[in-house]
$ cat model_7.pdb   # PDB, C-alpha atoms and all ligand atoms
ATOM      1  CA  MET O 949       0.000   0.000   0.000
ATOM      2  CA  GLY O 950       1.293   3.449  -0.866
ATOM      3  CA  ASN O 951       1.894   6.092   1.695
ATOM      4  CA  TYR O 952      -0.918   8.512   1.105
ATOM      5  CA  VAL O 953      -2.697  10.949   3.344
ATOM      6  CA  TYR O 954      -5.770   8.726   3.122
ATOM      7  CA  ASN O 955      -5.545   4.954   2.671
ATOM      8  CA  ASN O 956      -9.135   4.140   3.569
ATOM      9  CA  VAL O 957     -11.919   6.303   2.200
ATOM     10  CA  LEU O 958     -15.656   6.244   1.855
ATOM     11  CA  LEU O 959     -17.108   7.874  -1.220
ATOM     12  CA  LYS O 960     -20.674   9.127  -1.073
ATOM     13  CA  LEU O 961     -22.154   9.266  -4.547
ATOM     14  CA  SER O 962     -25.593  10.768  -4.838
ATOM     15  CA  GLY O 963     -27.978   9.408  -7.415
ATOM     16  CA  GLU O 964     -27.694  12.780  -9.108
ATOM     17  CA  ALA O 965     -24.015  12.151  -9.746
ATOM     18  CA  LEU O 966     -25.093   9.400 -12.155
ATOM     19  CA  LEU O 967     -27.491  11.630 -14.081
ATOM     20  CA  GLY O 968     -24.925  13.401 -16.218
ATOM     21  CA  GLU O 969     -27.023  15.451 -18.615
ATOM     22  CA  LEU O 970     -30.083  13.234 -18.277
ATOM     23  CA  PRO O 971     -33.256  14.335 -16.458
ATOM     24  CA  PHE O 972     -33.748  10.839 -14.997
ATOM     25  CA  GLY O 973     -31.882   7.562 -14.688
ATOM     26  CA  ILE O 974     -28.279   6.601 -15.285
ATOM     27  CA  ASP O 975     -25.927   8.133 -17.828
ATOM     28  CA  ASP O 976     -23.539   5.381 -19.029
ATOM     29  CA  ARG O 977     -20.750   7.845 -19.721
ATOM     30  CA  MET O 978     -21.048   9.372 -16.281
ATOM     31  CA  ILE O 979     -20.956   6.051 -14.453
ATOM     32  CA  LYS O 980     -17.916   5.014 -16.497
ATOM     33  CA  LYS O 981     -16.183   8.292 -15.715
ATOM     34  CA  ILE O 982     -16.771   7.802 -11.993
ATOM     35  CA  SER O 983     -15.591   4.179 -12.224
ATOM     36  CA  ILE O 984     -12.344   5.315 -13.826
ATOM     37  CA  GLU O 985     -11.784   7.748 -10.946
ATOM     38  CA  VAL O 986     -12.444   4.980  -8.410
ATOM     39  CA  LYS O 987     -10.190   2.545 -10.238
ATOM     40  CA  GLN O 988      -7.344   5.041 -10.139
ATOM     41  CA  ILE O 989      -7.248   5.152  -6.330
ATOM     42  CA  TRP O 990      -8.082   1.459  -5.966
ATOM     43  CA  GLU O 991      -4.971   0.697  -8.050
ATOM     44  CA  MET O 992      -2.962   2.780  -5.625
ATOM     45  CA  GLY O 993      -3.980   0.344  -2.879
ATOM     46  CA  VAL O 994      -6.548   2.558  -1.206
ATOM     47  CA  SER O 995      -9.491   0.827   0.505
ATOM     48  CA  VAL O 996     -12.595   2.187  -1.172
ATOM     49  CA  SER O 997     -16.141   1.890   0.138
ATOM     50  CA  ILE O 998     -18.967   3.578  -1.713
ATOM     51  CA  VAL O 999     -22.410   4.541  -0.496
ATOM     52  CA  ILE O1000     -24.717   5.260  -3.378
ATOM     53  CA  GLY O1001     -27.909   7.321  -3.366
ATOM     54  CA  GLY O1002     -31.072   6.952  -5.390
ATOM     55  CA  GLY O1003     -32.258  10.488  -6.075
ATOM     56  CA  ASN O1004     -31.875  10.040  -9.851
ATOM     57  CA  ILE O1005     -34.679   7.485  -9.691
ATOM     58  CA  PHE O1006     -36.837   8.036  -6.621
ATOM     59  CA  ARG O1007     -36.836   9.982  -3.372
ATOM     60  CA  GLY O1008     -39.115   9.094  -0.483
ATOM     61  CA  ILE O1009     -40.033  12.690   0.171
ATOM     62  CA  LYS O1010     -41.371  13.025  -3.377
ATOM     63  CA  GLY O1011     -43.609   9.985  -2.981
ATOM     64  CA  ALA O1012     -44.840  11.283   0.374
ATOM     65  CA  SER O1013     -45.639  14.676  -1.154
ATOM     66  CA  HIS O1014     -47.958  12.859  -3.577
ATOM     67  CA  GLY O1015     -49.828  11.296  -0.683
ATOM     68  CA  MET O1016     -47.882   8.051  -0.316
ATOM     69  CA  ASP O1017     -47.125   6.627   3.069
ATOM     70  CA  ARG O1018     -43.675   8.017   3.903
ATOM     71  CA  ALA O1019     -42.147   4.745   5.029
ATOM     72  CA  SER O1020     -43.282   2.931   1.863
ATOM     73  CA  ALA O1021     -41.958   5.767  -0.278
ATOM     74  CA  ASP O1022     -38.641   5.584   1.553
ATOM     75  CA  TYR O1023     -38.390   1.860   0.874
ATOM     76  CA  MET O1024     -38.877   2.676  -2.805
ATOM     77  CA  GLY O1025     -36.040   5.175  -2.504
ATOM     78  CA  MET O1026     -33.834   2.522  -0.941
ATOM     79  CA  LEU O1027     -34.624   0.147  -3.794
ATOM     80  CA  ALA O1028     -33.556   2.874  -6.228
ATOM     81  CA  THR O1029     -30.109   2.866  -4.606
ATOM     82  CA  VAL O1030     -29.873  -0.874  -5.285
ATOM     83  CA  ILE O1031     -30.442  -0.286  -9.011
ATOM     84  CA  ASN O1032     -27.658   2.316  -8.995
ATOM     85  CA  GLY O1033     -25.365   0.031  -7.020
ATOM     86  CA  LEU O1034     -25.743  -2.795  -9.509
ATOM     87  CA  ALA O1035     -25.041  -0.410 -12.377
ATOM     88  CA  LEU O1036     -21.910   0.824 -10.634
ATOM     89  CA  GLN O1037     -20.745  -2.713  -9.924
ATOM     90  CA  ASP O1038     -21.170  -3.622 -13.567
ATOM     91  CA  SER O1039     -19.228  -0.566 -14.643
ATOM     92  CA  LEU O1040     -16.366  -1.171 -12.184
ATOM     93  CA  GLU O1041     -16.107  -4.844 -13.067
ATOM     94  CA  LYS O1042     -15.847  -3.962 -16.759
ATOM     95  CA  LEU O1043     -12.704  -2.114 -15.712
ATOM     96  CA  ASP O1044     -11.507  -5.238 -13.860
ATOM     97  CA  VAL O1045     -12.123  -3.810 -10.412
ATOM     98  CA  PRO O1046     -13.477  -6.540  -8.099
ATOM     99  CA  THR O1047     -16.509  -5.288  -6.226
ATOM    100  CA  ARG O1048     -19.181  -6.475  -3.836
ATOM    101  CA  VAL O1049     -22.631  -4.982  -3.509
ATOM    102  CA  ILE O1050     -23.769  -5.064   0.103
ATOM    103  CA  SER O1051     -27.348  -4.262   0.914
ATOM    104  CA  ALA O1052     -28.862  -3.066   4.169
ATOM    105  CA  ILE O1053     -32.078  -4.799   3.055
ATOM    106  CA  GLU O1054     -31.598  -8.474   2.301
ATOM    107  CA  MET O1055     -31.677  -9.311  -1.397
ATOM    108  CA  ARG O1056     -29.512 -12.384  -1.559
ATOM    109  CA  GLN O1057     -29.894 -13.055  -5.254
ATOM    110  CA  ILE O1058     -28.235  -9.811  -6.188
ATOM    111  CA  SER O1059     -26.260  -8.623  -3.179
ATOM    112  CA  GLU O1060     -24.756  -9.676   0.105
ATOM    113  CA  PRO O1061     -26.526  -8.798   3.332
ATOM    114  CA  TYR O1062     -24.669  -6.240   5.424
ATOM    115  CA  ILE O1063     -22.383  -7.914   7.944
ATOM    116  CA  ARG O1064     -19.740  -5.507   9.176
ATOM    117  CA  ARG O1065     -16.908  -7.988   9.568
ATOM    118  CA  ARG O1066     -17.544  -9.437   6.169
ATOM    119  CA  ALA O1067     -17.509  -6.019   4.564
ATOM    120  CA  LEU O1068     -14.199  -5.261   6.297
ATOM    121  CA  ARG O1069     -12.800  -8.541   4.988
ATOM    122  CA  HIS O1070     -13.724  -7.533   1.429
ATOM    123  CA  LEU O1071     -11.828  -4.306   1.865
ATOM    124  CA  GLU O1072      -8.819  -6.181   3.233
ATOM    125  CA  LYS O1073      -8.912  -8.400   0.171
ATOM    126  CA  GLY O1074      -8.811  -5.367  -2.065
ATOM    127  CA  ARG O1075     -12.409  -5.350  -3.218
ATOM    128  CA  VAL O1076     -14.375  -2.181  -3.692
ATOM    129  CA  VAL O1077     -17.454  -2.366  -1.521
ATOM    130  CA  ILE O1078     -20.680  -0.719  -2.694
ATOM    131  CA  PHE O1079     -23.228  -0.192   0.052
ATOM    132  CA  VAL O1080     -26.836  -0.004  -1.104
ATOM    133  CA  ALA O1081     -30.277   0.430   0.478
ATOM    134  CA  GLY O1082     -28.977   3.194   2.738
ATOM    135  CA  THR O1083     -29.290   2.351   6.399
ATOM    136  CA  GLY O1084     -32.186  -0.009   5.685
ATOM    137  CA  ASN O1085     -34.516   2.286   7.639
ATOM    138  CA  PRO O1086     -37.072   4.775   6.416
ATOM    139  CA  TYR O1087     -36.744   8.440   7.488
ATOM    140  CA  PHE O1088     -32.995   8.314   6.882
ATOM    141  CA  THR O1089     -30.903   9.309   3.886
ATOM    142  CA  THR O1090     -27.928   7.843   2.137
ATOM    143  CA  ASP O1091     -25.851  10.725   3.552
ATOM    144  CA  THR O1092     -26.468   9.309   7.006
ATOM    145  CA  ALA O1093     -25.732   5.817   5.692
ATOM    146  CA  ALA O1094     -22.436   7.200   4.356
ATOM    147  CA  ALA O1095     -21.460   8.637   7.754
ATOM    148  CA  LEU O1096     -22.419   5.388   9.482
ATOM    149  CA  ARG O1097     -20.613   3.067   7.076
ATOM    150  CA  ALA O1098     -17.557   5.315   6.980
ATOM    151  CA  MET O1099     -17.207   4.865  10.731
ATOM    152  CA  GLU O1100     -17.905   1.159  10.623
ATOM    153  CA  MET O1101     -15.291   0.657   7.881
ATOM    154  CA  GLY O1102     -12.744   2.785   9.721
ATOM    155  CA  ALA O1103     -12.549   5.264   6.842
ATOM    156  CA  GLN O1104     -10.274   8.237   7.494
ATOM    157  CA  VAL O1105     -12.424  10.585   5.473
ATOM    158  CA  LEU O1106     -15.854  10.813   3.906
ATOM    159  CA  LEU O1107     -15.647  12.067   0.330
ATOM    160  CA  LYS O1108     -18.895  13.709  -0.663
ATOM    161  CA  ALA O1109     -19.079  13.828  -4.449
ATOM    162  CA  THR O1110     -20.988  16.736  -5.982
ATOM    163  CA  LYS O1111     -21.229  18.583  -9.289
ATOM    164  CA  VAL O1112     -19.574  21.721  -7.944
ATOM    165  CA  ASP O1113     -16.056  22.246  -6.614
ATOM    166  CA  GLY O1114     -17.010  22.337  -2.939
ATOM    167  CA  ILE O1115     -18.896  24.571  -0.534
ATOM    168  CA  TYR O1116     -19.355  28.187  -1.600
ATOM    169  CA  ASP O1117     -20.291  31.284   0.384
ATOM    170  CA  GLN O1118     -23.364  31.559  -1.893
ATOM    171  CA  ASP O1119     -24.969  29.348  -4.530
ATOM    172  CA  PRO O1120     -22.415  29.115  -7.384
ATOM    173  CA  MET O1121     -25.167  28.146  -9.849
ATOM    174  CA  VAL O1122     -26.874  31.488  -9.172
ATOM    175  CA  TYR O1123     -24.085  33.900  -8.178
ATOM    176  CA  LYS O1124     -21.040  34.166 -10.457
ATOM    177  CA  ASN O1125     -18.878  35.760  -7.770
ATOM    178  CA  ALA O1126     -19.554  32.986  -5.231
ATOM    179  CA  LYS O1127     -16.322  32.092  -3.432
ATOM    180  CA  LEU O1128     -15.177  28.551  -2.725
ATOM    181  CA  ILE O1129     -14.593  27.880   0.971
ATOM    182  CA  GLU O1130     -11.491  25.728   1.529
ATOM    183  CA  LYS O1131     -12.124  24.883   5.149
ATOM    184  CA  ILE O1132     -15.148  25.064   7.394
ATOM    185  CA  THR O1133     -16.293  23.570  10.697
ATOM    186  CA  TYR O1134     -19.198  21.191  11.190
ATOM    187  CA  ILE O1135     -20.905  23.769  13.382
ATOM    188  CA  GLN O1136     -20.656  26.434  10.689
ATOM    189  CA  VAL O1137     -22.197  24.039   8.180
ATOM    190  CA  LEU O1138     -25.057  23.333  10.591
ATOM    191  CA  ASP O1139     -25.533  26.948  11.733
ATOM    192  CA  GLN O1140     -25.508  28.355   8.229
ATOM    193  CA  ASN O1141     -27.744  25.534   7.024
ATOM    194  CA  LEU O1142     -25.358  24.851   4.135
ATOM    195  CA  LYS O1143     -26.784  22.106   1.985
ATOM    196  CA  VAL O1144     -23.750  19.841   2.027
ATOM    197  CA  MET O1145     -25.192  16.734   3.580
ATOM    198  CA  ASP O1146     -28.205  16.379   5.808
ATOM    199  CA  SER O1147     -27.842  17.532   9.389
ATOM    200  CA  THR O1148     -28.010  14.005  10.870
ATOM    201  CA  ALA O1149     -24.985  13.012   8.784
ATOM    202  CA  ILE O1150     -23.058  16.182   9.657
ATOM    203  CA  SER O1151     -23.827  15.746  13.368
ATOM    204  CA  MET O1152     -22.599  12.159  13.294
ATOM    205  CA  CYS O1153     -19.364  13.153  11.586
ATOM    206  CA  MET O1154     -18.887  15.939  14.138
ATOM    207  CA  GLU O1155     -19.530  13.634  17.087
ATOM    208  CA  TYR O1156     -17.010  11.048  15.872
ATOM    209  CA  LYS O1157     -14.563  13.539  14.317
ATOM    210  CA  LEU O1158     -14.766  12.158  10.812
ATOM    211  CA  PRO O1159     -13.593  14.741   8.280
ATOM    212  CA  ILE O1160     -15.672  15.342   5.172
ATOM    213  CA  ILE O1161     -14.261  16.546   1.872
ATOM    214  CA  VAL O1162     -16.807  17.976  -0.542
ATOM    215  CA  LEU O1163     -15.453  17.647  -4.061
ATOM    216  CA  ASN O1164     -16.347  17.840  -7.736
ATOM    217  CA  ILE O1165     -16.495  14.308  -9.115
ATOM    218  CA  ASN O1166     -16.497  15.660 -12.678
ATOM    219  CA  LYS O1167     -12.886  16.816 -12.314
ATOM    220  CA  GLU O1168     -10.412  14.346 -13.715
ATOM    221  CA  GLY O1169      -8.046  12.869 -11.154
ATOM    222  CA  ILE O1170      -9.939  14.410  -8.245
ATOM    223  CA  LEU O1171      -9.929  11.304  -6.020
ATOM    224  CA  LYS O1172      -6.225  10.716  -6.636
ATOM    225  CA  SER O1173      -5.410  14.331  -5.764
ATOM    226  CA  THR O1174      -7.497  14.007  -2.629
ATOM    227  CA  ILE O1175      -5.782  10.935  -1.261
ATOM    228  CA  GLU O1176      -2.408  12.503  -2.038
ATOM    229  CA  GLY O1177      -3.404  15.323   0.288
ATOM    230  CA  LYS O1178      -3.642  18.073  -2.322
ATOM    231  CA  GLN O1179      -6.014  20.947  -1.671
ATOM    232  CA  VAL O1180      -9.275  19.986  -3.321
ATOM    233  CA  GLY O1181     -12.815  21.122  -2.642
ATOM    234  CA  THR O1182     -13.876  21.974   0.887
ATOM    235  CA  LEU O1183     -12.728  20.271   4.051
ATOM    236  CA  VAL O1184     -15.331  20.079   6.801
ATOM    237  CA  SER O1185     -13.667  19.220  10.099
TER     238      SER O1185
HETATM  239  N1  LIG O1201     -33.634   6.223   2.069
HETATM  240  C1  LIG O1201     -34.153   5.804   3.280
HETATM  241  N2  LIG O1201     -33.298   5.383   4.263
HETATM  242  C2  LIG O1201     -31.949   5.393   4.107
HETATM  243  C3  LIG O1201     -31.425   5.849   2.885
HETATM  244  C4  LIG O1201     -32.277   6.264   1.882
HETATM  245  O1  LIG O1201     -35.353   5.787   3.468
HETATM  246  O2  LIG O1201     -31.232   4.989   5.036
HETATM  247  C5  LIG O1201     -34.548   6.581   0.968
HETATM  248  C6  LIG O1201     -35.109   7.993   1.047
HETATM  249  O3  LIG O1201     -36.429   7.949   0.615
HETATM  250  C7  LIG O1201     -34.272   8.740   0.045
HETATM  251  C8  LIG O1201     -34.017   7.706  -1.021
HETATM  252  O4  LIG O1201     -33.881   6.485  -0.273
HETATM  253  O5  LIG O1201     -34.959   9.845  -0.495
HETATM  254  C9  LIG O1201     -32.797   7.922  -1.867
HETATM  255  O6  LIG O1201     -31.701   8.275  -1.060
HETATM  256  P1  LIG O1201     -31.077   9.747  -1.051
HETATM  257  O7  LIG O1201     -32.154  10.765  -1.191
HETATM  258  O8  LIG O1201     -30.197   9.849   0.125
HETATM  259  O9  LIG O1201     -30.235   9.695  -2.382
HETATM  260  P2  LIG O1201     -29.278  10.812  -3.009
HETATM  261  O10 LIG O1201     -29.831  12.170  -2.662
HETATM  262  O11 LIG O1201     -27.932  10.612  -2.422
HETATM  263  O12 LIG O1201     -29.314  10.513  -4.474
END
$ encode --input "model_7.pdb" --output "structure tokens"
Amino acid sequence: MGNYVYNNVLLKLSGEALLGELPFGIDDRMIKKISIEVKQIWEMGVSVSIVIGGGNIFRGIKGASHGMDRASADYMGMLATVINGLALQDSLEKLDVPTRVISAIEMRQISEPYIRRRALRHLEKGRVVIFVAGTGNPYFTTDTAAALRAMEMGAQVLLKATKVDGIYDQDPMVYKNAKLIEKITYIQVLDQNLKVMDSTAISMCMEYKLPIIVLNINKEGILKSTIEGKQVGTLVS
């Protein structure tokens, strides 16, 4: 294993990261691009766990807003993450990266059930682990699942992939002069209600002192630069 700043990372990919230019679903080019980024750090010997979201397909809150029972809608959202996880596994394995999909809701035909020690063993054996179905509980998000799994896998950092370079002082999609913040505290993120990750996830990371790096997954070589300790995105610590 190389001597990098981070040798064990958890990458949180939102469903939106898979959208590319599409309004819905999975963009093949985007998923391949992300897989190439992951492969690059996996080849460097870094332990990589991934928690994948489902927002490109279904979000519980959307179902609930149309009158669905919230818990049922959330289960649908969790199933959406499984679809994304299988797509990501396929893409990574096409690049010869061994992966395991591990689900918080049992679906033995297509994934392994979540057993912490077994997941750790996969990492030790050099497999990329893709966690799907969030925490397995309604009323949570995959951001919280990411914080939880990062701690369980002993990750040194949670890498939150987004479409922008990091956290800005104002919305960069709206304000051209928005400034990128290089470093910020958990409390500032919570106080200023910055939409980085949901507050449960941020609070968990704060409680257990797990740093978060918010980065732009569309930038080539971004994960490699991150594990080498270069200044990328925004560090929340
Ligand atoms: N979800 C859930 N419990 C979890 C994780 C996810 O109920 O532990 C549901 C929730 O409905 C959520 C959907 O799955 O809206 C998709 O996850 P998320 O919104 O976190 O995906 P992302 O925004 O990362 O694409």
$ residues_around --input "model_7.pdb" --residues "segment 1072-1086 of chain O" --least-positions-apart "2" --cutoff "6 Å" --atoms "all atoms listed in the file" --output "JSON, numbers by chain"
{"O": [996, 997, 998, 999, 1019, 1022, 1026, 1029, 1030, 1046, 1047, 1048, 1049, 1050, 1051, 1052, 1053, 1069, 1070, 1088, 1090, 1093]}
$ resolve_selection --input "model_7.pdb" --expression "the PyMOL selection byres (((chain O and resi 977) around 12) and not hetatm)" --output "short mmCIF file (atom, residue, chain, number, x, y, z; two decimals) with C-alpha atoms, in the frame of the given file"
data_model
loop_
_atom_site.label_atom_id
_atom_site.label_comp_id
_atom_site.auth_asym_id
_atom_site.auth_seq_id
_atom_site.Cartn_x
_atom_site.Cartn_y
_atom_site.Cartn_z
CA ALA O 965 -24.02 12.15 -9.75
CA LEU O 966 -25.09 9.40 -12.16
CA LEU O 967 -27.49 11.63 -14.08
CA GLY O 968 -24.92 13.40 -16.22
CA GLU O 969 -27.02 15.45 -18.61
CA LEU O 970 -30.08 13.23 -18.28
CA ILE O 974 -28.28 6.60 -15.28
CA ASP O 975 -25.93 8.13 -17.83
CA ASP O 976 -23.54 5.38 -19.03
CA MET O 978 -21.05 9.37 -16.28
CA ILE O 979 -20.96 6.05 -14.45
CA LYS O 980 -17.92 5.01 -16.50
CA LYS O 981 -16.18 8.29 -15.72
CA ILE O 982 -16.77 7.80 -11.99
CA SER O 983 -15.59 4.18 -12.22
CA ILE O 984 -12.34 5.32 -13.83
CA ALA O 1035 -25.04 -0.41 -12.38
CA LEU O 1036 -21.91 0.82 -10.63
CA SER O 1039 -19.23 -0.57 -14.64
CA ASN O 1166 -16.50 15.66 -12.68
#
$ axis_aligned_box --input "model_7.pdb" --around "segment 1103-1115 of chain O" --padding-each-side "8 Å" --output "lines of an AutoDock Vina configuration file"
center_x = -15.8
center_y = 14.9
center_z = -0.9
size_x = 27.0
size_y = 35.3
size_z = 32.8
$ residues_around --input "model_7.pdb" --residues "Glu1176 of chain O" --least-positions-apart "2" --cutoff "9 Å" --atoms "all atoms listed in the file" --output "number ranges by chain"
O: 951-954, 1171-1174, 1178
$ closest_residue --input "model_7.pdb" --among "O:Arg1056, O:Arg1064, O:Lys960, O:Lys1124" --to "ligand LIG 1201 (chain O)" --atoms "all atoms listed in the file"
O:Lys960
$ resolve_selection --input "model_7.pdb" --expression "the PyMOL selection byres (((chain O and resi 1130-1142) around 6) and not hetatm)" --output "list of chain:residue names"
O:Ile1129, O:Lys1143, O:Val1144, O:Thr1182, O:Leu1183, O:Val1184, O:Ser1185
$ resolve_selection --input "model_7.pdb" --expression "the PyMOL selection byres (((chain O and resi 1158) around 10) and not hetatm)" --output "VMD selection string"
chain O and resid 1095 1098 to 1099 1102 to 1106 1150 1152 to 1157 1159 to 1161 1184 to 1185
$ closest_residue --input "model_7.pdb" --among "O:Asn956, O:Leu1068, O:Ile1115, O:Asp1146" --to "ligand LIG 1201 (chain O)" --atoms "all atoms listed in the file"
O:Asp1146
$ atom_distance --input "model_7.pdb" --atom1 "atom CA of Lys1108 of chain O" --atom2 "atom CA of Asp1091 of chain O"
8.7 Å
$ atom_distance --input "model_7.pdb" --atom1 "atom CA of Ala1028 of chain O" --atom2 "atom CA of Ser995 of chain O"
25.1 Å
$ closest_residue --input "model_7.pdb" --among "O:Ser1013, O:Gln1037, O:Ser1151, O:Gln988" --to "ligand LIG 1201 (chain O)" --atoms "all atoms listed in the file"
O:Ser1013
$ atom_distance --input "model_7.pdb" --atom1 "atom CA of Leu961 of chain O" --atom2 "atom CA of Gly1001 of chain O"
6.2 Å
$ build_atoms --input "model_7.pdb" --residues "segment 1130-1150 of chain O" --atoms "N, CA, C and O atoms" --output "PDB file, in the coordinates of the input"
ATOM      1  N   GLU O1130     -12.423  26.870   1.475  1.00  0.00           N
ATOM      2  CA  GLU O1130     -11.491  25.728   1.529  1.00  0.00           C
ATOM      3  C   GLU O1130     -11.657  24.897   2.784  1.00  0.00           C
ATOM      4  O   GLU O1130     -11.432  23.694   2.777  1.00  0.00           O
ATOM      5  N   LYS O1131     -12.019  25.573   3.861  1.00  0.00           N
ATOM      6  CA  LYS O1131     -12.124  24.883   5.149  1.00  0.00           C
ATOM      7  C   LYS O1131     -13.270  25.458   5.953  1.00  0.00           C
ATOM      8  O   LYS O1131     -13.460  26.676   5.973  1.00  0.00           O
ATOM      9  N   ILE O1132     -14.001  24.597   6.613  1.00  0.00           N
ATOM     10  CA  ILE O1132     -15.148  25.064   7.394  1.00  0.00           C
ATOM     11  C   ILE O1132     -15.383  24.061   8.523  1.00  0.00           C
ATOM     12  O   ILE O1132     -14.956  22.896   8.413  1.00  0.00           O
ATOM     13  N   THR O1133     -16.039  24.517   9.595  1.00  0.00           N
ATOM     14  CA  THR O1133     -16.293  23.570  10.697  1.00  0.00           C
ATOM     15  C   THR O1133     -17.692  22.951  10.542  1.00  0.00           C
ATOM     16  O   THR O1133     -18.546  23.505   9.847  1.00  0.00           O
ATOM     17  N   TYR O1134     -17.886  21.843  11.228  1.00  0.00           N
ATOM     18  CA  TYR O1134     -19.198  21.191  11.190  1.00  0.00           C
ATOM     19  C   TYR O1134     -20.276  22.163  11.682  1.00  0.00           C
ATOM     20  O   TYR O1134     -21.358  22.256  11.123  1.00  0.00           O
ATOM     21  N   ILE O1135     -19.927  22.850  12.770  1.00  0.00           N
ATOM     22  CA  ILE O1135     -20.905  23.769  13.382  1.00  0.00           C
ATOM     23  C   ILE O1135     -21.313  24.868  12.411  1.00  0.00           C
ATOM     24  O   ILE O1135     -22.490  25.211  12.308  1.00  0.00           O
ATOM     25  N   GLN O1136     -20.319  25.387  11.669  1.00  0.00           N
ATOM     26  CA  GLN O1136     -20.656  26.434  10.689  1.00  0.00           C
ATOM     27  C   GLN O1136     -21.594  25.891   9.617  1.00  0.00           C
ATOM     28  O   GLN O1136     -22.532  26.562   9.203  1.00  0.00           O
ATOM     29  N   VAL O1137     -21.329  24.650   9.196  1.00  0.00           N
ATOM     30  CA  VAL O1137     -22.197  24.039   8.180  1.00  0.00           C
ATOM     31  C   VAL O1137     -23.627  23.925   8.718  1.00  0.00           C
ATOM     32  O   VAL O1137     -24.592  24.262   8.042  1.00  0.00           O
ATOM     33  N   LEU O1138     -23.730  23.505   9.992  1.00  0.00           N
ATOM     34  CA  LEU O1138     -25.057  23.333  10.591  1.00  0.00           C
ATOM     35  C   LEU O1138     -25.731  24.687  10.821  1.00  0.00           C
ATOM     36  O   LEU O1138     -26.884  24.890  10.441  1.00  0.00           O
ATOM     37  N   ASP O1139     -24.971  25.628  11.414  1.00  0.00           N
ATOM     38  CA  ASP O1139     -25.533  26.948  11.733  1.00  0.00           C
ATOM     39  C   ASP O1139     -26.006  27.681  10.489  1.00  0.00           C
ATOM     40  O   ASP O1139     -27.043  28.321  10.477  1.00  0.00           O
ATOM     41  N   GLN O1140     -25.181  27.597   9.448  1.00  0.00           N
ATOM     42  CA  GLN O1140     -25.508  28.355   8.229  1.00  0.00           C
ATOM     43  C   GLN O1140     -26.433  27.561   7.308  1.00  0.00           C
ATOM     44  O   GLN O1140     -26.747  28.003   6.209  1.00  0.00           O
ATOM     45  N   ASN O1141     -26.813  26.369   7.784  1.00  0.00           N
ATOM     46  CA  ASN O1141     -27.744  25.534   7.024  1.00  0.00           C
ATOM     47  C   ASN O1141     -27.250  25.317   5.594  1.00  0.00           C
ATOM     48  O   ASN O1141     -28.020  25.399   4.637  1.00  0.00           O
ATOM     49  N   LEU O1142     -25.949  25.077   5.459  1.00  0.00           N
ATOM     50  CA  LEU O1142     -25.358  24.851   4.135  1.00  0.00           C
ATOM     51  C   LEU O1142     -25.751  23.456   3.677  1.00  0.00           C
ATOM     52  O   LEU O1142     -25.642  22.498   4.421  1.00  0.00           O
ATOM     53  N   LYS O1143     -26.246  23.389   2.464  1.00  0.00           N
ATOM     54  CA  LYS O1143     -26.784  22.106   1.985  1.00  0.00           C
ATOM     55  C   LYS O1143     -25.665  21.199   1.472  1.00  0.00           C
ATOM     56  O   LYS O1143     -25.521  20.982   0.278  1.00  0.00           O
ATOM     57  N   VAL O1144     -24.871  20.698   2.397  1.00  0.00           N
ATOM     58  CA  VAL O1144     -23.750  19.841   2.027  1.00  0.00           C
ATOM     59  C   VAL O1144     -24.191  18.393   2.119  1.00  0.00           C
ATOM     60  O   VAL O1144     -24.125  17.622   1.166  1.00  0.00           O
ATOM     61  N   MET O1145     -24.620  18.050   3.300  1.00  0.00           N
ATOM     62  CA  MET O1145     -25.192  16.734   3.580  1.00  0.00           C
ATOM     63  C   MET O1145     -26.295  17.020   4.596  1.00  0.00           C
ATOM     64  O   MET O1145     -26.347  18.114   5.152  1.00  0.00           O
ATOM     65  N   ASP O1146     -27.154  16.057   4.857  1.00  0.00           N
ATOM     66  CA  ASP O1146     -28.205  16.379   5.808  1.00  0.00           C
ATOM     67  C   ASP O1146     -27.632  16.503   7.216  1.00  0.00           C
ATOM     68  O   ASP O1146     -26.524  16.032   7.499  1.00  0.00           O
ATOM     69  N   SER O1147     -28.390  17.165   8.083  1.00  0.00           N
ATOM     70  CA  SER O1147     -27.842  17.532   9.389  1.00  0.00           C
ATOM     71  C   SER O1147     -27.549  16.305  10.263  1.00  0.00           C
ATOM     72  O   SER O1147     -26.628  16.332  11.082  1.00  0.00           O
ATOM     73  N   THR O1148     -28.288  15.216  10.078  1.00  0.00           N
ATOM     74  CA  THR O1148     -28.010  14.005  10.870  1.00  0.00           C
ATOM     75  C   THR O1148     -26.603  13.499  10.527  1.00  0.00           C
ATOM     76  O   THR O1148     -25.823  13.138  11.416  1.00  0.00           O
ATOM     77  N   ALA O1149     -26.301  13.497   9.231  1.00  0.00           N
ATOM     78  CA  ALA O1149     -24.985  13.012   8.784  1.00  0.00           C
ATOM     79  C   ALA O1149     -23.865  13.921   9.302  1.00  0.00           C
ATOM     80  O   ALA O1149     -22.845  13.455   9.818  1.00  0.00           O
ATOM     81  N   ILE O1150     -24.077  15.222   9.196  1.00  0.00           N
ATOM     82  CA  ILE O1150     -23.058  16.182   9.657  1.00  0.00           C
ATOM     83  C   ILE O1150     -22.844  16.014  11.169  1.00  0.00           C
ATOM     84  O   ILE O1150     -21.706  15.973  11.652  1.00  0.00           O
TER      85      ILE O1150
END
